[in-house]
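Heads up, start.cif below (mmCIF, C-alpha atoms):
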data_entry
loop_
_atom_site.group_PDB
_atom_site.id
_atom_site.type_symbol
_atom_site.label_atom_id
_atom_site.label_comp_id
_atom_site.auth_asym_id
_atom_site.auth_seq_id
_atom_site.Cartn_x
_atom_site.Cartn_y
_atom_site.Cartn_z
ATOM 1 C CA TYR P 1 -3.053 -85.847 -26.084
ATOM 2 C CA ASP P 2 -1.101 -82.907 -24.701
ATOM 3 C CA THR P 3 -3.764 -80.401 -25.727
ATOM 4 C CA LEU P 4 -6.549 -82.583 -24.379
ATOM 5 C CA LEU P 5 -4.823 -83.228 -21.056
ATOM 6 C CA GLY P 6 -3.935 -79.556 -20.764
ATOM 7 C CA MET P 7 -7.631 -78.672 -20.845
ATOM 8 C CA MET P 8 -8.636 -81.305 -18.272
ATOM 9 C CA THR P 9 -8.657 -80.878 -14.503
ATOM 10 C CA LYS P 10 -6.568 -83.167 -12.332
ATOM 11 C CA GLN P 11 -9.701 -84.990 -11.209
ATOM 12 C CA ALA P 12 -10.866 -85.484 -14.800
ATOM 13 C CA ILE P 13 -7.470 -86.883 -15.774
ATOM 14 C CA LEU P 14 -7.566 -89.280 -12.823
ATOM 15 C CA THR P 15 -11.090 -90.355 -13.707
ATOM 16 C CA ASP P 16 -10.140 -91.086 -17.316
ATOM 17 C CA MET P 17 -6.621 -92.330 -16.577
ATOM 18 C CA GLY P 18 -7.313 -95.883 -17.731
ATOM 19 C CA ALA P 19 -8.471 -94.772 -21.162
ATOM 20 C CA ILE P 20 -5.659 -92.233 -21.469
ATOM 21 C CA MET P 21 -2.991 -94.794 -20.622
ATOM 22 C CA MET P 22 -4.515 -97.359 -22.993
ATOM 23 C CA GLY P 23 -3.897 -94.854 -25.766
ATOM 24 C CA VAL P 24 -0.468 -93.549 -24.750
ATOM 25 C CA LEU P 25 1.460 -96.527 -23.361
ATOM 26 C CA PRO P 26 1.177 -98.882 -26.347
ATOM 27 C CA LEU P 27 2.404 -96.059 -28.580
ATOM 28 C CA LEU P 28 5.501 -95.575 -26.477
ATOM 29 C CA GLN P 29 7.104 -98.917 -27.260
ATOM 30 C CA TYR P 30 6.522 -98.698 -31.001
ATOM 31 C CA ALA P 31 6.940 -94.960 -31.537
ATOM 32 C CA SER P 32 9.569 -93.755 -33.964
ATOM 33 C CA THR P 33 12.692 -92.092 -32.611
ATOM 34 C CA THR P 34 11.231 -88.720 -33.579
ATOM 35 C CA ASN P 35 7.883 -89.298 -31.810
ATOM 36 C CA LYS P 36 9.082 -91.049 -28.655
ATOM 37 C CA PRO P 37 10.473 -87.855 -27.022
ATOM 38 C CA SER P 38 7.076 -86.163 -27.494
ATOM 39 C CA LEU P 39 5.282 -89.036 -25.768
ATOM 40 C CA LEU P 40 7.801 -89.023 -22.929
ATOM 41 C CA ARG P 41 7.378 -85.236 -22.539
ATOM 42 C CA LEU P 42 3.643 -85.806 -22.328
ATOM 43 C CA LEU P 43 4.190 -88.236 -19.466
ATOM 44 C CA GLU P 44 6.628 -85.847 -17.775
ATOM 45 C CA ARG P 45 4.318 -82.831 -18.040
ATOM 46 C CA ARG P 46 0.836 -84.242 -17.619
ATOM 47 C CA ILE P 47 0.931 -87.689 -15.997
ATOM 48 C CA LEU P 48 3.945 -88.101 -13.692
ATOM 49 C CA PRO P 49 3.191 -84.923 -11.669
ATOM 50 C CA LEU P 50 0.102 -86.739 -10.369
ATOM 51 C CA GLY P 51 2.493 -88.677 -8.066
ATOM 52 C CA GLU P 52 0.858 -91.061 -5.625
ATOM 53 C CA ASP P 53 -2.463 -90.725 -7.456
ATOM 54 C CA LEU P 54 -0.938 -92.935 -10.178
ATOM 55 C CA SER P 55 -1.156 -96.067 -8.047
ATOM 56 C CA ASP P 56 -3.917 -97.589 -10.190
ATOM 57 C CA VAL P 57 -1.949 -97.234 -13.428
ATOM 58 C CA MET P 58 1.527 -97.831 -12.027
ATOM 59 C CA PRO P 59 1.797 -101.392 -13.403
ATOM 60 C CA GLY P 60 1.007 -100.104 -16.890
ATOM 61 C CA LEU P 61 3.384 -97.151 -16.557
ATOM 62 C CA ILE P 62 6.271 -99.348 -15.464
ATOM 63 C CA ALA P 63 5.564 -101.922 -18.168
ATOM 64 C CA GLY P 64 5.203 -99.143 -20.741
ATOM 65 C CA LEU P 65 8.443 -97.385 -19.801
ATOM 66 C CA LEU P 66 10.737 -100.391 -19.348
ATOM 67 C CA PRO P 67 11.155 -101.193 -23.073
ATOM 68 C CA GLY P 68 12.711 -97.745 -23.449
ATOM 69 C CA LEU P 69 15.539 -98.807 -21.130
ATOM 70 C CA GLU P 70 16.600 -101.788 -23.199
ATOM 71 C CA ASP P 71 19.148 -99.919 -25.312
ATOM 72 C CA LYS P 72 21.413 -97.513 -23.412
ATOM 73 C CA ASN P 73 22.481 -95.983 -26.721
ATOM 74 C CA ALA P 74 18.950 -95.066 -27.799
ATOM 75 C CA ASP P 75 18.171 -91.369 -28.169
ATOM 76 C CA SER P 76 15.318 -91.570 -25.676
ATOM 77 C CA TYR P 77 17.142 -93.660 -23.044
ATOM 78 C CA GLU P 78 17.973 -90.755 -20.706
ATOM 79 C CA GLN P 79 14.471 -89.302 -20.964
ATOM 80 C CA THR P 80 12.915 -92.716 -20.246
ATOM 81 C CA LEU P 81 15.277 -93.195 -17.317
ATOM 82 C CA SER P 82 14.247 -89.792 -15.991
ATOM 83 C CA CYS P 83 10.564 -90.771 -16.218
ATOM 84 C CA MET P 84 11.219 -94.018 -14.335
ATOM 85 C CA ASP P 85 13.192 -92.138 -11.669
ATOM 86 C CA THR P 86 10.412 -89.589 -11.271
ATOM 87 C CA LEU P 87 7.853 -92.371 -10.903
ATOM 88 C CA ALA P 88 10.039 -94.144 -8.335
ATOM 89 C CA GLU P 89 10.576 -90.927 -6.348
ATOM 90 C CA THR P 90 6.982 -89.706 -6.300
ATOM 91 C CA ALA P 91 5.190 -93.007 -5.757
ATOM 92 C CA ASP P 92 4.922 -94.843 -2.472
ATOM 93 C CA PRO P 93 8.281 -96.692 -2.333
ATOM 94 C CA GLY P 94 6.817 -99.976 -1.123
ATOM 95 C CA GLN P 95 4.146 -99.965 -3.785
ATOM 96 C CA PHE P 96 6.568 -98.978 -6.545
ATOM 97 C CA LEU P 97 8.954 -101.798 -5.693
ATOM 98 C CA SER P 98 6.155 -104.346 -5.327
ATOM 99 C CA VAL P 99 4.774 -103.445 -8.744
ATOM 100 C CA PHE P 100 8.278 -103.396 -10.195
ATOM 101 C CA TRP P 101 9.200 -106.868 -8.899
ATOM 102 C CA SER P 102 5.824 -108.235 -10.033
ATOM 103 C CA THR P 103 6.458 -106.829 -13.510
ATOM 104 C CA MET P 104 9.811 -108.620 -13.591
ATOM 105 C CA SER P 105 8.113 -111.883 -12.647
ATOM 106 C CA PHE P 106 5.117 -111.749 -14.939
ATOM 107 C CA PHE P 107 6.613 -110.227 -18.099
ATOM 108 C CA PRO P 108 9.665 -112.171 -19.287
ATOM 109 C CA SER P 109 10.202 -109.738 -22.162
ATOM 110 C CA LEU P 110 10.713 -106.916 -19.631
ATOM 111 C CA ARG P 111 13.156 -108.739 -17.350
ATOM 112 C CA LEU P 112 16.304 -107.457 -19.001
ATOM 113 C CA PRO P 113 15.409 -103.753 -18.988
ATOM 114 C CA ALA P 114 13.932 -104.175 -15.489
ATOM 115 C CA SER P 115 17.201 -105.689 -14.266
ATOM 116 C CA VAL P 116 19.150 -102.849 -15.854
ATOM 117 C CA TYR P 117 16.919 -100.288 -14.151
ATOM 118 C CA MET P 118 17.158 -102.089 -10.811
ATOM 119 C CA GLN P 119 20.969 -101.896 -11.060
ATOM 120 C CA THR P 120 20.630 -98.148 -11.598
ATOM 121 C CA LEU P 121 18.205 -97.804 -8.699
ATOM 122 C CA LEU P 122 20.330 -99.834 -6.283
ATOM 123 C CA SER P 123 23.421 -97.767 -7.107
ATOM 124 C CA LYS P 124 21.757 -94.551 -5.922
ATOM 125 C CA PRO P 125 22.794 -93.567 -2.397
ATOM 126 C CA SER P 126 19.334 -92.096 -1.818
ATOM 127 C CA PHE P 127 17.611 -95.409 -2.541
ATOM 128 C CA GLN P 128 16.402 -97.074 0.645
ATOM 129 C CA PRO P 129 13.622 -99.677 0.587
ATOM 130 C CA ASP P 130 11.141 -98.740 3.289
ATOM 131 C CA ASN P 131 9.525 -100.959 5.899
ATOM 132 C CA GLY P 132 6.762 -101.861 3.442
ATOM 133 C CA PHE P 133 9.230 -103.585 1.123
ATOM 134 C CA ASN P 134 8.168 -107.120 0.248
ATOM 135 C CA TRP P 135 11.344 -109.212 0.362
ATOM 136 C CA ASN P 136 9.437 -112.403 -0.524
ATOM 137 C CA LEU P 137 8.179 -110.845 -3.748
ATOM 138 C CA ALA P 138 11.688 -109.645 -4.613
ATOM 139 C CA ALA P 139 13.134 -113.115 -3.954
ATOM 140 C CA ALA P 140 10.450 -114.779 -6.083
ATOM 141 C CA SER P 141 11.102 -112.323 -8.901
ATOM 142 C CA VAL P 142 14.846 -112.941 -8.770
ATOM 143 C CA ALA P 143 14.188 -116.693 -8.835
ATOM 144 C CA ASP P 144 11.962 -116.261 -11.912
ATOM 145 C CA CYS P 145 14.688 -114.247 -13.611
ATOM 146 C CA LEU P 146 17.367 -116.791 -12.748
ATOM 147 C CA SER P 147 15.308 -119.493 -14.441
ATOM 148 C CA ASP P 148 14.824 -117.357 -17.566
ATOM 149 C CA THR P 149 15.975 -118.836 -20.869
ATOM 150 C CA SER P 150 17.919 -115.659 -21.717
ATOM 151 C CA VAL P 151 21.517 -115.696 -20.524
ATOM 152 C CA LEU P 152 21.497 -111.889 -20.602
ATOM 153 C CA VAL P 153 18.632 -111.775 -18.097
ATOM 154 C CA VAL P 154 20.330 -114.254 -15.777
ATOM 155 C CA ARG P 155 23.588 -112.334 -15.953
ATOM 156 C CA ALA P 156 21.865 -108.994 -15.335
ATOM 157 C CA VAL P 157 20.097 -110.376 -12.268
ATOM 158 C CA LEU P 158 23.317 -111.888 -10.941
ATOM 159 C CA ASP P 159 24.913 -108.457 -11.337
ATOM 160 C CA LEU P 160 22.374 -107.074 -8.851
ATOM 161 C CA THR P 161 24.283 -108.636 -5.964
#

Go through the file and emit its structure as structure tokens.
Amino acid sequence: YDTLLGMMTKQAILTDMGAIMMGVLPLLQYASTTNKPSLLRLLERRILPLGEDLSDVMPGLIAGLLPGLEDKNADSYEQTLSCMDTLAETADPGQFLSVFWSTMSFFPSLRLPASVYMQTLLSKPSFQPDNGFNWNLAAASVADCLSDTSVLVVRAVLDLT
């Protein structure tokens, strides 16, 4: 993928982004500990620099990266966290948060790592939701998490306050 994306123009990557992400993101969750850093480097070097142009694939990127935040002791945790931070910083803040809260609502298996990341995001002094922030979506997502069958998810969401 790195060689292929290195030969493509930005416009060609954006045009084929759906197909590229369908190949890369599923690999990320199931990659071995030796291969996961290579996939994350690929995202860091070739995909994340596209910034706001990633709006169409942002739901997939967030859903693809969140499983890497489940275990803080994992070798690739810091690199995954860095990718999520880069995505949050370069994307439109309102859109990023809307997609993030929607992911928490619609994917119960991602609620725990999403809650952990939200704790990290909220603790940053530089984090300020903009005027486009959808408080209703955030409240609905928190309500979904509080009704989750996992005590860990409920506790993580309660820790957000």

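When all atoms listed in the file are used to measure the gap to Gln29 in chain P, the shortest distance among P:Ser76, P:Thr120, P:Ser126, P:Ser141 belongs to P:Ser76.
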
Specify as number ranges by chain each residue included when the PyMOL selection byres ((chain P and resi 85-96) around 10) is applied to this file. P: 44, 47-55, 58-59, 61-62, 79-84, 97-102, 117, 120-121, 126-134

Close residues, Val154 in chain P itself excluded, 10 Å, all atoms listed in the file, min 4 positions apart in chain, as a list in words: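 Contacts, with the query itself left out: Arg111, Leu112, Ser115, Val142, Ala143, Asp144, Cys145, Leu146, Ser147, Asp148, Thr149, Ser150, Leu158 and Asp159 of chain P.
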
List as a PyMOL selection string the protein and nucleic acid residues near Tyr77 in chain P, meaning an atom at most 12 Å away when all atoms listed in the file are counted, but skip any in the same chain fewer than 2 places from it. chain P and resi 33+36-37+40+65-75+79-84+113+116-117

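Coordinates place CA of Ala31 in chain P at a distance of 18.6 Å from CA of Arg46 in chain P.
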
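Candidate residues P:Pro125, P:Gly64, P:Gly18, P:Pro108 were compared for distance to Tyr30 in chain P, and the nearest is P:Gly64, using all atoms listed in the file.
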
Pick from P:Asp56, P:Ala156, P:Asp2, P:Asp16: nearest to Ser38 in chain P, with all atoms listed in the file counted? P:Asp2

What would the selection look like, as a list of chain:residue names, if the PyMOL selection byres ((chain P and resi 21) around 10) were run on the coordinates I just shared?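 In the shown coordinates, the PyMOL selection byres ((chain P and resi 21) around 10) covers P:Asp16, P:Met17, P:Gly18, P:Ala19, P:Ile20, P:Met22, P:Gly23, P:Val24, P:Leu25, P:Pro26, P:Leu27, P:Leu43, P:Ile47, P:Val57, P:Gly60, P:Leu61, P:Gly64.
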
Nearest to Ser105 in chain P, chosen from P:Leu122, P:Leu42, P:Val153, P:Leu160, with all atoms listed in the file counted in the distances: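 Between P:Leu122, P:Leu42, P:Val153, P:Leu160, the residue approaching Ser105 in chain P most closely is P:Val153.
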
Please measure the separation of CA of Ala63 in chain P and CA of Asn136 in chain P, giving the value in Å to one decimal. 20.9 Å

Box time for range 91-109 of chain P: axis-aligned, enclosing all its listed atoms, 8 Å extra on each side; report centre and edge lengths in Å to one decimal, as lines of an AutoDock Vina configuration file.
center_x = 7.2
center_y = -102.6
center_z = -11.6
size_x = 22.1
size_y = 35.2
size_z = 37.0

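Of note, CA of Glu78 in chain P and CA of Leu152 in chain P are spaced 21.4 Å apart.
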